[in-house]
file structure-v7.cif (mmCIF, C-alpha atoms and all ligand atoms)
data_my_file
loop_
_atom_site.group_PDB
_atom_site.id
_atom_site.type_symbol
_atom_site.label_atom_id
_atom_site.label_comp_id
_atom_site.auth_asym_id
_atom_site.auth_seq_id
_atom_site.Cartn_x
_atom_site.Cartn_y
_atom_site.Cartn_z
ATOM 1 C CA MET A 75 8.329 -18.081 -5.323
ATOM 2 C CA LEU A 76 7.181 -20.196 -8.299
ATOM 3 C CA GLU A 77 8.308 -23.366 -6.550
ATOM 4 C CA LYS A 78 6.451 -22.417 -3.366
ATOM 5 C CA ILE A 79 3.246 -21.701 -5.264
ATOM 6 C CA LYS A 80 3.495 -25.079 -7.005
ATOM 7 C CA GLN A 81 4.160 -26.908 -3.744
ATOM 8 C CA SER A 82 1.066 -25.410 -2.119
ATOM 9 C CA ALA A 83 -1.067 -26.113 -5.191
ATOM 10 C CA ASP A 84 0.211 -29.697 -5.430
ATOM 11 C CA PHE A 85 -0.687 -30.300 -1.799
ATOM 12 C CA ILE A 86 -4.200 -28.944 -2.338
ATOM 13 C CA ARG A 87 -4.635 -31.053 -5.475
ATOM 14 C CA SER A 88 -3.613 -34.118 -3.481
ATOM 15 C CA GLN A 89 -6.451 -33.399 -1.030
ATOM 16 C CA VAL A 90 -9.274 -32.324 -3.315
ATOM 17 C CA ASN A 91 -10.850 -34.204 -6.209
ATOM 18 C CA ASP A 92 -12.404 -31.399 -8.204
ATOM 19 C CA ILE A 93 -10.719 -28.006 -8.224
ATOM 20 C CA PRO A 94 -13.210 -25.239 -9.104
ATOM 21 C CA ASP A 95 -12.570 -22.261 -11.378
ATOM 22 C CA THR A 96 -14.233 -19.883 -8.890
ATOM 23 C CA ALA A 97 -12.830 -18.597 -5.586
ATOM 24 C CA ILE A 98 -14.326 -16.422 -2.866
ATOM 25 C CA ILE A 99 -12.436 -14.519 -0.186
ATOM 26 C CA LEU A 100 -14.848 -14.353 2.724
ATOM 27 C CA GLY A 101 -14.165 -11.069 4.447
ATOM 28 C CA THR A 102 -16.046 -9.532 7.317
ATOM 29 C CA GLY A 103 -19.732 -9.718 6.427
ATOM 30 C CA LEU A 104 -19.634 -12.823 4.337
ATOM 31 C CA GLY A 105 -18.431 -15.439 6.804
ATOM 32 C CA ALA A 106 -21.860 -17.081 6.995
ATOM 33 C CA LEU A 107 -21.695 -17.921 3.307
ATOM 34 C CA VAL A 108 -19.819 -20.986 4.543
ATOM 35 C CA ASP A 109 -23.127 -22.358 5.847
ATOM 36 C CA HIS A 110 -24.483 -22.270 2.295
ATOM 37 C CA ILE A 111 -21.609 -24.243 0.827
ATOM 38 C CA THR A 112 -22.560 -27.899 0.521
ATOM 39 C CA ASP A 113 -20.387 -31.030 0.309
ATOM 40 C CA LYS A 114 -17.756 -29.108 2.206
ATOM 41 C CA GLN A 115 -14.155 -30.058 2.610
ATOM 42 C CA PHE A 116 -11.995 -27.975 4.960
ATOM 43 C CA ILE A 117 -8.263 -27.592 4.545
ATOM 44 C CA PRO A 118 -6.728 -25.646 7.447
ATOM 45 C CA TYR A 119 -4.161 -23.061 6.365
ATOM 46 C CA THR A 120 -1.785 -24.564 8.925
ATOM 47 C CA SER A 121 -1.706 -27.813 6.910
ATOM 48 C CA ILE A 122 -0.851 -26.174 3.567
ATOM 49 C CA PRO A 123 2.862 -25.866 2.845
ATOM 50 C CA ASN A 124 4.035 -22.221 2.597
ATOM 51 C CA PHE A 125 0.659 -20.752 3.619
ATOM 52 C CA PRO A 126 0.731 -17.931 6.170
ATOM 53 C CA VAL A 127 -1.436 -18.463 9.262
ATOM 54 C CA SER A 128 -4.343 -16.188 10.138
ATOM 55 C CA THR A 129 -4.224 -14.430 13.519
ATOM 56 C CA VAL A 130 -6.871 -11.735 13.769
ATOM 57 C CA GLU A 131 -9.908 -11.997 16.016
ATOM 58 C CA GLY A 132 -13.043 -13.053 14.157
ATOM 59 C CA HIS A 133 -11.186 -14.734 11.298
ATOM 60 C CA SER A 134 -10.459 -18.453 11.178
ATOM 61 C CA GLY A 135 -8.141 -19.940 8.653
ATOM 62 C CA ASN A 136 -9.377 -22.593 6.226
ATOM 63 C CA LEU A 137 -9.692 -23.214 2.567
ATOM 64 C CA ILE A 138 -13.127 -24.637 1.928
ATOM 65 C CA PHE A 139 -14.032 -26.644 -1.152
ATOM 66 C CA GLY A 140 -17.639 -27.411 -1.993
ATOM 67 C CA LYS A 141 -20.640 -26.197 -3.918
ATOM 68 C CA LEU A 142 -22.507 -22.934 -3.745
ATOM 69 C CA GLY A 143 -25.852 -23.760 -5.328
ATOM 70 C CA SER A 144 -24.826 -25.774 -8.348
ATOM 71 C CA LYS A 145 -21.429 -24.104 -8.693
ATOM 72 C CA PRO A 146 -18.215 -25.694 -7.417
ATOM 73 C CA VAL A 147 -16.255 -23.091 -5.434
ATOM 74 C CA MET A 148 -13.295 -22.704 -3.198
ATOM 75 C CA ALA A 149 -13.533 -20.218 -0.355
ATOM 76 C CA MET A 150 -10.945 -18.612 1.875
ATOM 77 C CA GLN A 151 -12.281 -18.497 5.402
ATOM 78 C CA GLY A 152 -10.003 -15.839 6.839
ATOM 79 C CA ARG A 153 -7.588 -13.690 4.908
ATOM 80 C CA PHE A 154 -4.188 -12.217 5.621
ATOM 81 C CA HIS A 155 -4.053 -8.529 6.407
ATOM 82 C CA TYR A 156 -1.077 -6.237 5.975
ATOM 83 C CA TYR A 157 -1.719 -4.744 9.433
ATOM 84 C CA GLU A 158 -1.113 -8.145 11.019
ATOM 85 C CA GLY A 159 2.497 -7.845 9.921
ATOM 86 C CA TYR A 160 2.448 -10.000 6.799
ATOM 87 C CA ASP A 161 4.258 -8.596 3.816
ATOM 88 C CA MET A 162 2.464 -8.053 0.529
ATOM 89 C CA LYS A 163 3.759 -11.315 -0.941
ATOM 90 C CA GLN A 164 2.275 -13.254 1.982
ATOM 91 C CA VAL A 165 -1.011 -11.352 1.859
ATOM 92 C CA THR A 166 -1.431 -12.265 -1.803
ATOM 93 C CA PHE A 167 0.126 -15.735 -1.793
ATOM 94 C CA PRO A 168 -3.248 -17.545 -1.681
ATOM 95 C CA VAL A 169 -4.331 -15.728 -4.854
ATOM 96 C CA ARG A 170 -1.212 -16.991 -6.611
ATOM 97 C CA VAL A 171 -2.061 -20.508 -5.480
ATOM 98 C CA MET A 172 -5.654 -20.100 -6.691
ATOM 99 C CA LYS A 173 -4.401 -19.143 -10.129
ATOM 100 C CA GLU A 174 -2.026 -22.095 -10.206
ATOM 101 C CA LEU A 175 -5.007 -24.319 -9.357
ATOM 102 C CA GLY A 176 -6.941 -22.940 -12.356
ATOM 103 C CA VAL A 177 -9.190 -20.352 -10.726
ATOM 104 C CA ASN A 178 -10.248 -17.669 -13.221
ATOM 105 C CA THR A 179 -12.836 -15.686 -11.247
ATOM 106 C CA LEU A 180 -12.329 -14.187 -7.795
ATOM 107 C CA TYR A 181 -15.028 -12.789 -5.516
ATOM 108 C CA VAL A 182 -13.916 -10.657 -2.577
ATOM 109 C CA SER A 183 -15.766 -9.043 0.270
ATOM 110 C CA ASN A 184 -14.841 -6.729 3.090
ATOM 111 C CA ALA A 185 -16.082 -4.280 5.694
ATOM 112 C CA ALA A 186 -15.395 -0.632 5.002
ATOM 113 C CA GLY A 187 -15.976 2.829 6.381
ATOM 114 C CA GLY A 188 -18.130 5.062 4.176
ATOM 115 C CA MET A 189 -17.130 8.582 3.154
ATOM 116 C CA ASN A 190 -19.747 9.038 0.460
ATOM 117 C CA LYS A 191 -22.428 11.242 1.971
ATOM 118 C CA GLU A 192 -25.230 9.158 0.438
ATOM 119 C CA PHE A 193 -24.085 6.029 2.266
ATOM 120 C CA ARG A 194 -25.708 4.598 5.381
ATOM 121 C CA VAL A 195 -24.413 2.028 7.815
ATOM 122 C CA GLY A 196 -25.425 -1.411 6.546
ATOM 123 C CA ASP A 197 -25.309 -0.441 2.865
ATOM 124 C CA ILE A 198 -23.760 -2.787 0.353
ATOM 125 C CA MET A 199 -21.257 -1.145 -1.974
ATOM 126 C CA ILE A 200 -20.287 -2.866 -5.179
ATOM 127 C CA ILE A 201 -16.655 -1.948 -5.782
ATOM 128 C CA THR A 202 -16.229 -0.344 -9.205
ATOM 129 C CA ASP A 203 -12.590 0.648 -8.778
ATOM 130 C CA HIS A 204 -9.953 1.129 -6.102
ATOM 131 C CA ILE A 205 -7.214 3.477 -4.930
ATOM 132 C CA ASN A 206 -4.107 1.842 -3.492
ATOM 133 C CA ILE A 207 -2.867 3.691 -0.403
ATOM 134 C CA PHE A 208 -0.827 0.760 0.915
ATOM 135 C CA PRO A 209 2.830 1.742 1.214
ATOM 136 C CA GLU A 210 3.708 -1.024 -1.200
ATOM 137 C CA ASN A 211 2.461 -2.773 -4.289
ATOM 138 C CA PRO A 212 2.390 -6.581 -4.112
ATOM 139 C CA LEU A 213 4.008 -6.737 -7.561
ATOM 140 C CA ARG A 214 7.099 -4.766 -6.488
ATOM 141 C CA GLY A 215 10.269 -6.760 -7.127
ATOM 142 C CA LYS A 216 11.161 -9.358 -9.704
ATOM 143 C CA ASN A 217 8.368 -10.067 -12.154
ATOM 144 C CA TYR A 218 7.779 -13.684 -13.088
ATOM 145 C CA SER A 219 6.383 -13.585 -16.594
ATOM 146 C CA GLU A 220 4.820 -17.017 -15.940
ATOM 147 C CA LEU A 221 2.575 -15.250 -13.428
ATOM 148 C CA GLY A 222 1.723 -12.134 -15.402
ATOM 149 C CA PRO A 223 3.123 -9.043 -17.146
ATOM 150 C CA ARG A 224 5.587 -6.563 -15.623
ATOM 151 C CA PHE A 225 3.215 -3.626 -16.086
ATOM 152 C CA PRO A 226 -0.331 -4.921 -15.841
ATOM 153 C CA ALA A 227 -3.247 -2.635 -16.712
ATOM 154 C CA MET A 228 -5.738 -1.910 -13.913
ATOM 155 C CA THR A 229 -8.296 -0.290 -16.196
ATOM 156 C CA GLU A 230 -11.007 -2.797 -15.404
ATOM 157 C CA ALA A 231 -9.780 -4.245 -12.132
ATOM 158 C CA TYR A 232 -13.401 -5.097 -11.272
ATOM 159 C CA SER A 233 -15.334 -6.853 -14.025
ATOM 160 C CA LYS A 234 -17.991 -4.603 -15.546
ATOM 161 C CA LYS A 235 -19.936 -7.654 -16.631
ATOM 162 C CA LEU A 236 -20.085 -9.074 -13.111
ATOM 163 C CA ILE A 237 -21.061 -5.650 -11.750
ATOM 164 C CA ALA A 238 -23.938 -5.467 -14.250
ATOM 165 C CA THR A 239 -25.114 -8.961 -13.311
ATOM 166 C CA ALA A 240 -24.935 -8.098 -9.593
ATOM 167 C CA ASP A 241 -27.007 -4.967 -10.257
ATOM 168 C CA GLU A 242 -29.654 -7.071 -12.003
ATOM 169 C CA ILE A 243 -29.765 -9.474 -9.069
ATOM 170 C CA ALA A 244 -30.015 -6.653 -6.514
ATOM 171 C CA GLU A 245 -32.859 -5.120 -8.464
ATOM 172 C CA GLU A 246 -34.733 -8.406 -8.749
ATOM 173 C CA LYS A 247 -34.378 -8.962 -5.015
ATOM 174 C CA GLY A 248 -35.138 -5.350 -4.068
ATOM 175 C CA ILE A 249 -31.804 -4.867 -2.297
ATOM 176 C CA ARG A 250 -30.361 -1.337 -2.213
ATOM 177 C CA VAL A 251 -26.827 -1.424 -3.587
ATOM 178 C CA MET A 252 -24.449 1.476 -3.980
ATOM 179 C CA HIS A 253 -21.472 1.672 -6.315
ATOM 180 C CA GLY A 254 -18.154 3.118 -5.318
ATOM 181 C CA VAL A 255 -14.415 3.380 -5.214
ATOM 182 C CA TYR A 256 -12.688 1.446 -2.432
ATOM 183 C CA VAL A 257 -9.617 3.031 -0.869
ATOM 184 C CA GLY A 258 -7.219 0.394 0.480
ATOM 185 C CA VAL A 259 -5.190 1.525 3.496
ATOM 186 C CA PRO A 260 -2.644 -0.323 5.649
ATOM 187 C CA GLY A 261 -4.452 0.224 8.992
ATOM 188 C CA PRO A 262 -4.694 -0.770 11.784
ATOM 189 C CA THR A 263 -5.837 2.700 12.846
ATOM 190 C CA PHE A 264 -9.238 3.809 11.660
ATOM 191 C CA GLU A 265 -9.003 7.151 9.883
ATOM 192 C CA THR A 266 -8.878 10.586 11.417
ATOM 193 C CA PRO A 267 -11.764 12.832 10.330
ATOM 194 C CA ALA A 268 -9.299 14.665 8.072
ATOM 195 C CA GLU A 269 -8.199 11.397 6.473
ATOM 196 C CA TYR A 270 -11.790 10.299 5.713
ATOM 197 C CA GLU A 271 -12.320 13.719 4.167
ATOM 198 C CA TYR A 272 -9.105 13.452 2.179
ATOM 199 C CA PHE A 273 -10.061 10.018 0.825
ATOM 200 C CA ARG A 274 -13.453 11.371 -0.209
ATOM 201 C CA ILE A 275 -11.888 14.350 -1.990
ATOM 202 C CA ILE A 276 -9.468 12.164 -3.945
ATOM 203 C CA GLY A 277 -12.377 10.082 -5.246
ATOM 204 C CA GLY A 278 -12.985 7.400 -2.641
ATOM 205 C CA ASP A 279 -16.403 6.276 -1.440
ATOM 206 C CA ALA A 280 -15.329 3.770 1.208
ATOM 207 C CA VAL A 281 -12.097 2.859 2.974
ATOM 208 C CA GLY A 282 -10.831 -0.433 4.326
ATOM 209 C CA MET A 283 -7.740 -2.406 5.246
ATOM 210 C CA SER A 284 -7.806 -5.277 2.757
ATOM 211 C CA THR A 285 -8.791 -6.365 -0.760
ATOM 212 C CA VAL A 286 -6.579 -4.068 -2.872
ATOM 213 C CA PRO A 287 -3.472 -6.306 -2.659
ATOM 214 C CA GLU A 288 -5.420 -9.445 -3.592
ATOM 215 C CA VAL A 289 -7.216 -7.665 -6.427
ATOM 216 C CA ILE A 290 -3.940 -6.346 -7.863
ATOM 217 C CA VAL A 291 -2.469 -9.843 -7.909
ATOM 218 C CA ALA A 292 -5.643 -11.390 -9.316
ATOM 219 C CA ASN A 293 -5.572 -8.871 -12.175
ATOM 220 C CA HIS A 294 -1.869 -9.475 -12.736
ATOM 221 C CA ALA A 295 -2.771 -13.165 -13.059
ATOM 222 C CA GLY A 296 -5.522 -12.404 -15.580
ATOM 223 C CA MET A 297 -8.396 -13.274 -13.277
ATOM 224 C CA ARG A 298 -11.815 -11.673 -13.392
ATOM 225 C CA VAL A 299 -12.726 -9.947 -10.114
ATOM 226 C CA PHE A 300 -15.905 -8.932 -8.318
ATOM 227 C CA GLY A 301 -15.700 -7.045 -5.019
ATOM 228 C CA VAL A 302 -18.233 -5.889 -2.504
ATOM 229 C CA SER A 303 -18.023 -3.879 0.721
ATOM 230 C CA VAL A 304 -20.444 -3.658 3.577
ATOM 231 C CA ILE A 305 -20.469 -0.147 4.998
ATOM 232 C CA THR A 306 -20.006 -0.642 8.737
ATOM 233 C CA ASP A 307 -19.356 2.932 9.850
ATOM 234 C CA LEU A 308 -19.265 6.423 8.408
ATOM 235 C CA GLY A 309 -16.408 8.909 8.479
ATOM 236 C CA GLY A 310 -15.811 12.515 7.518
ATOM 237 C CA LYS A 311 -14.858 15.843 8.929
ATOM 238 C CA ASP A 312 -18.249 16.379 10.572
ATOM 239 C CA VAL A 313 -18.714 12.802 11.762
ATOM 240 C CA THR A 314 -17.983 12.319 15.446
ATOM 241 C CA ASP A 315 -18.894 8.613 15.776
ATOM 242 C CA VAL A 316 -15.978 6.545 17.002
ATOM 243 C CA PRO A 317 -15.636 3.312 14.999
ATOM 244 C CA THR A 318 -14.708 0.170 16.907
ATOM 245 C CA HIS A 319 -13.907 -3.359 15.793
ATOM 246 C CA GLU A 320 -17.035 -4.595 17.609
ATOM 247 C CA GLU A 321 -19.247 -2.064 15.863
ATOM 248 C CA VAL A 322 -17.758 -3.049 12.508
ATOM 249 C CA GLN A 323 -18.417 -6.738 13.218
ATOM 250 C CA LYS A 324 -21.975 -6.017 14.344
ATOM 251 C CA ALA A 325 -22.889 -3.874 11.331
ATOM 252 C CA ALA A 326 -21.317 -6.421 9.004
ATOM 253 C CA GLU A 327 -23.297 -9.215 10.597
ATOM 254 C CA ALA A 328 -26.542 -7.274 10.209
ATOM 255 C CA ALA A 329 -25.882 -6.726 6.485
ATOM 256 C CA GLN A 330 -24.716 -10.275 5.958
ATOM 257 C CA PRO A 331 -27.995 -11.777 4.639
ATOM 258 C CA LYS A 332 -28.231 -9.145 1.850
ATOM 259 C CA MET A 333 -24.603 -9.540 0.921
ATOM 260 C CA MET A 334 -24.933 -13.304 0.908
ATOM 261 C CA GLU A 335 -28.038 -13.303 -1.267
ATOM 262 C CA ILE A 336 -26.331 -11.212 -3.924
ATOM 263 C CA MET A 337 -23.090 -13.153 -3.835
ATOM 264 C CA LYS A 338 -24.788 -16.535 -3.977
ATOM 265 C CA ALA A 339 -26.974 -15.594 -6.938
ATOM 266 C CA LEU A 340 -24.057 -13.938 -8.719
ATOM 267 C CA VAL A 341 -21.707 -16.897 -8.373
ATOM 268 C CA GLU A 342 -24.424 -19.132 -9.750
ATOM 269 C CA ARG A 343 -25.338 -16.809 -12.624
ATOM 270 C CA ALA A 344 -21.825 -15.768 -13.706
ATOM 271 C CA ASP A 345 -20.653 -17.587 -16.810
HETATM 272 N N1 LIG A 401 -11.673 2.463 8.021
HETATM 273 C C1 LIG A 401 -10.830 1.489 7.661
HETATM 274 N N2 LIG A 401 -11.169 0.207 7.646
HETATM 275 C C2 LIG A 401 -12.418 -0.099 8.002
HETATM 276 C C3 LIG A 401 -13.345 0.866 8.384
HETATM 277 C C4 LIG A 401 -12.941 2.218 8.407
HETATM 278 O O1 LIG A 401 -13.701 3.145 8.753
HETATM 279 N N3 LIG A 401 -14.505 0.237 8.672
HETATM 280 C C5 LIG A 401 -14.280 -1.087 8.462
HETATM 281 N N4 LIG A 401 -13.026 -1.284 8.058
#
call {"tool": "encode", "arguments": {"input": "structure-v7.cif", "output": "structure tokens"}}
result
Amino acid sequence: MLEKIKQSADFIRSQVNDIPDTAIILGTGLGALVDHITDKQFIPYTSIPNFPVSTVEGHSGNLIFGKLGSKPVMAMQGRFHYYEGYDMKQVTFPVRVMKELGVNTLYVSNAAGGMNKEFRVGDIMIITDHINIFPENPLRGKNYSELGPRFPAMTEAYSKKLIATADEIAEEKGIRVMHGVYVGVPGPTFETPAEYEYFRIIGGDAVGMSTVPEVIVANHAGMRVFGVSVITDLGGKDVTDVPTHEEVQKAAEAAQPKMMEIMKALVERAD
């Protein structure tokens, strides 16, 4: 695994002059951030040794290097989901490569279903913590101490400092932001009403099919993480709406400008 990570990182270094210390995983709802990255350089996943290839509708696969405002960033356009059939090591491989390249701060975004009764479709939820419902942990198996500790703490998986800065930005811009716990599930089924209810009772505010694996690995690697969800549908025992992929995409697109404004300002302001 270490050799593979190094090979991928070496290839990227051979293509890019300045490697940033900041990375963004552009999930559903943040794809248009790409348009705000200047001096862009695209590296297709298919050209990077050992990189998995993205398959799902609505996600293209490129690493993008450039600047967001004045800040050099690298962005993942398209991520790897467990439900596509990738194993946890593949899903999180790009985060390992980021760390090898010197990235120390990771921003992630996703679309999620809301269980919190205060939430509305189109809300932005800053992720304060997560619950891992995936059947596996990406760190299962041999631990490479070069990559991180055997038993990493997850006490502050999402940086409190970045959350506070994002709150300041949202307030300045008059954008309603919620806080909450993200429940990471394997998918690809959306939840039954009983499952949404269950996830709410155990402490979840929103549920989605990504993010948790990458955040676990980023924390293992000692990176600072900020995560945000756009609430694209609502679920619970009394909710009869039927979520669809199209509806999720549409709601995410509608919330995109708010999400982008916060993320852009945060990346620039984070020190
Ligand atoms: N459940 C799981 N994943 C999701 C949802 C949901 O309701 N909405 C968007 N992604």
call {"tool": "atom_distance", "arguments": {"input": "structure-v7.cif", "atom1": "CA of Phe139 (chain A)", "atom2": "CA of Asn211 (chain A)"}}
result
29.2 Å
call {"tool": "residues_near_point", "arguments": {"input": "structure-v7.cif", "point": "(-28.1, -4.7, 6.2)", "cutoff": "6 Å", "atoms": "all atoms listed in the file", "output": "list in words"}}
result
Gly196, Ala328 and Ala329 of chain A
call {"tool": "residues_near_ligand", "arguments": {"input": "structure-v7.cif", "ligand": "ligand LIG 401 (chain A)", "cutoff": "9 Å", "atoms": "all atoms listed in the file", "output": "compact mmCIF listing (two decimals) with C-alpha atoms, keeping the file's coordinate frame"}}
result
# COMPACT_ATOMS: atom_id res chain seq x y z
CA THR A 102 -16.05 -9.53 7.32
CA ASN A 184 -14.84 -6.73 3.09
CA ALA A 185 -16.08 -4.28 5.69
CA ALA A 186 -15.40 -0.63 5.00
CA GLY A 187 -15.98 2.83 6.38
CA GLY A 188 -18.13 5.06 4.18
CA MET A 189 -17.13 8.58 3.15
CA VAL A 257 -9.62 3.03 -0.87
CA GLY A 258 -7.22 0.39 0.48
CA VAL A 259 -5.19 1.52 3.50
CA PRO A 260 -2.64 -0.32 5.65
CA GLY A 261 -4.45 0.22 8.99
CA PRO A 262 -4.69 -0.77 11.78
CA THR A 263 -5.84 2.70 12.85
CA PHE A 264 -9.24 3.81 11.66
CA GLU A 265 -9.00 7.15 9.88
CA TYR A 270 -11.79 10.30 5.71
CA ALA A 280 -15.33 3.77 1.21
CA VAL A 281 -12.10 2.86 2.97
CA GLY A 282 -10.83 -0.43 4.33
CA MET A 283 -7.74 -2.41 5.25
CA SER A 284 -7.81 -5.28 2.76
CA VAL A 304 -20.44 -3.66 3.58
CA ILE A 305 -20.47 -0.15 5.00
CA THR A 306 -20.01 -0.64 8.74
CA ASP A 307 -19.36 2.93 9.85
CA LEU A 308 -19.26 6.42 8.41
CA GLY A 309 -16.41 8.91 8.48
CA PRO A 317 -15.64 3.31 15.00
CA THR A 318 -14.71 0.17 16.91
CA HIS A 319 -13.91 -3.36 15.79
CA GLU A 321 -19.25 -2.06 15.86
CA VAL A 322 -17.76 -3.05 12.51
CA GLN A 323 -18.42 -6.74 13.22
CA ALA A 326 -21.32 -6.42 9.00
call {"tool": "residues_around", "arguments": {"input": "structure-v7.cif", "residues": "Asp92 (chain A)", "least_positions_apart": "2", "cutoff": "12 Å", "atoms": "all atoms listed in the file", "output": "number ranges by chain"}}
result
A: 86-90, 94-96, 113-115, 139-141, 145-148, 175-177
call {"tool": "closest_residue", "arguments": {"input": "structure-v7.cif", "among": "A:Ile98, A:Ile122, A:Val313, A:Val195", "to": "Glu269 (chain A)", "atoms": "all atoms listed in the file"}}
result
A:Val313
call {"tool": "atom_distance", "arguments": {"input": "structure-v7.cif", "atom1": "CA of Gly222 (chain A)", "atom2": "CA of His294 (chain A)"}}
result
5.2 Å
call {"tool": "build_atoms", "arguments": {"input": "structure-v7.cif", "residues": "region 285-300 of chain A", "atoms": "N, CA, C and O atoms", "output": "compact mmCIF listing (two decimals), keeping the file's coordinate frame"}}
result
# COMPACT_ATOMS: atom_id res chain seq x y z
N THR A 285 -8.24 -6.25 0.59
CA THR A 285 -8.79 -6.36 -0.76
C THR A 285 -7.89 -5.87 -1.90
O THR A 285 -7.68 -6.59 -2.88
N VAL A 286 -7.36 -4.64 -1.76
CA VAL A 286 -6.58 -4.07 -2.87
C VAL A 286 -5.37 -4.96 -3.24
O VAL A 286 -5.17 -5.24 -4.43
N PRO A 287 -4.60 -5.45 -2.27
CA PRO A 287 -3.47 -6.31 -2.66
C PRO A 287 -3.92 -7.55 -3.43
O PRO A 287 -3.36 -7.87 -4.50
N GLU A 288 -4.95 -8.22 -2.93
CA GLU A 288 -5.42 -9.44 -3.59
C GLU A 288 -5.96 -9.15 -5.00
O GLU A 288 -5.75 -9.93 -5.93
N VAL A 289 -6.63 -8.01 -5.12
CA VAL A 289 -7.22 -7.66 -6.43
C VAL A 289 -6.12 -7.31 -7.43
O VAL A 289 -6.21 -7.65 -8.62
N ILE A 290 -5.07 -6.66 -6.97
CA ILE A 290 -3.94 -6.35 -7.86
C ILE A 290 -3.33 -7.65 -8.39
O ILE A 290 -3.11 -7.82 -9.60
N VAL A 291 -3.10 -8.58 -7.49
CA VAL A 291 -2.47 -9.84 -7.91
C VAL A 291 -3.41 -10.66 -8.80
O VAL A 291 -2.98 -11.25 -9.79
N ALA A 292 -4.68 -10.66 -8.48
CA ALA A 292 -5.64 -11.39 -9.32
C ALA A 292 -5.66 -10.82 -10.74
O ALA A 292 -5.69 -11.56 -11.72
N ASN A 293 -5.60 -9.50 -10.85
CA ASN A 293 -5.57 -8.87 -12.18
C ASN A 293 -4.27 -9.18 -12.90
O ASN A 293 -4.25 -9.44 -14.10
N HIS A 294 -3.18 -9.12 -12.16
CA HIS A 294 -1.87 -9.48 -12.74
C HIS A 294 -1.94 -10.88 -13.34
O HIS A 294 -1.40 -11.14 -14.40
N ALA A 295 -2.67 -11.77 -12.64
CA ALA A 295 -2.77 -13.16 -13.06
C ALA A 295 -3.86 -13.37 -14.11
O ALA A 295 -4.12 -14.51 -14.51
N GLY A 296 -4.51 -12.29 -14.52
CA GLY A 296 -5.52 -12.40 -15.58
C GLY A 296 -6.87 -12.91 -15.10
O GLY A 296 -7.69 -13.39 -15.89
N MET A 297 -7.12 -12.81 -13.79
CA MET A 297 -8.40 -13.27 -13.28
C MET A 297 -9.44 -12.17 -13.36
O MET A 297 -9.12 -10.98 -13.35
N ARG A 298 -10.69 -12.60 -13.41
CA ARG A 298 -11.82 -11.67 -13.39
C ARG A 298 -12.20 -11.49 -11.93
O ARG A 298 -12.24 -12.47 -11.17
N VAL A 299 -12.50 -10.23 -11.54
CA VAL A 299 -12.73 -9.95 -10.11
C VAL A 299 -14.07 -9.26 -9.89
O VAL A 299 -14.47 -8.39 -10.67
N PHE A 300 -14.73 -9.67 -8.81
CA PHE A 300 -15.90 -8.93 -8.32
C PHE A 300 -15.67 -8.64 -6.84
O PHE A 300 -15.30 -9.54 -6.08
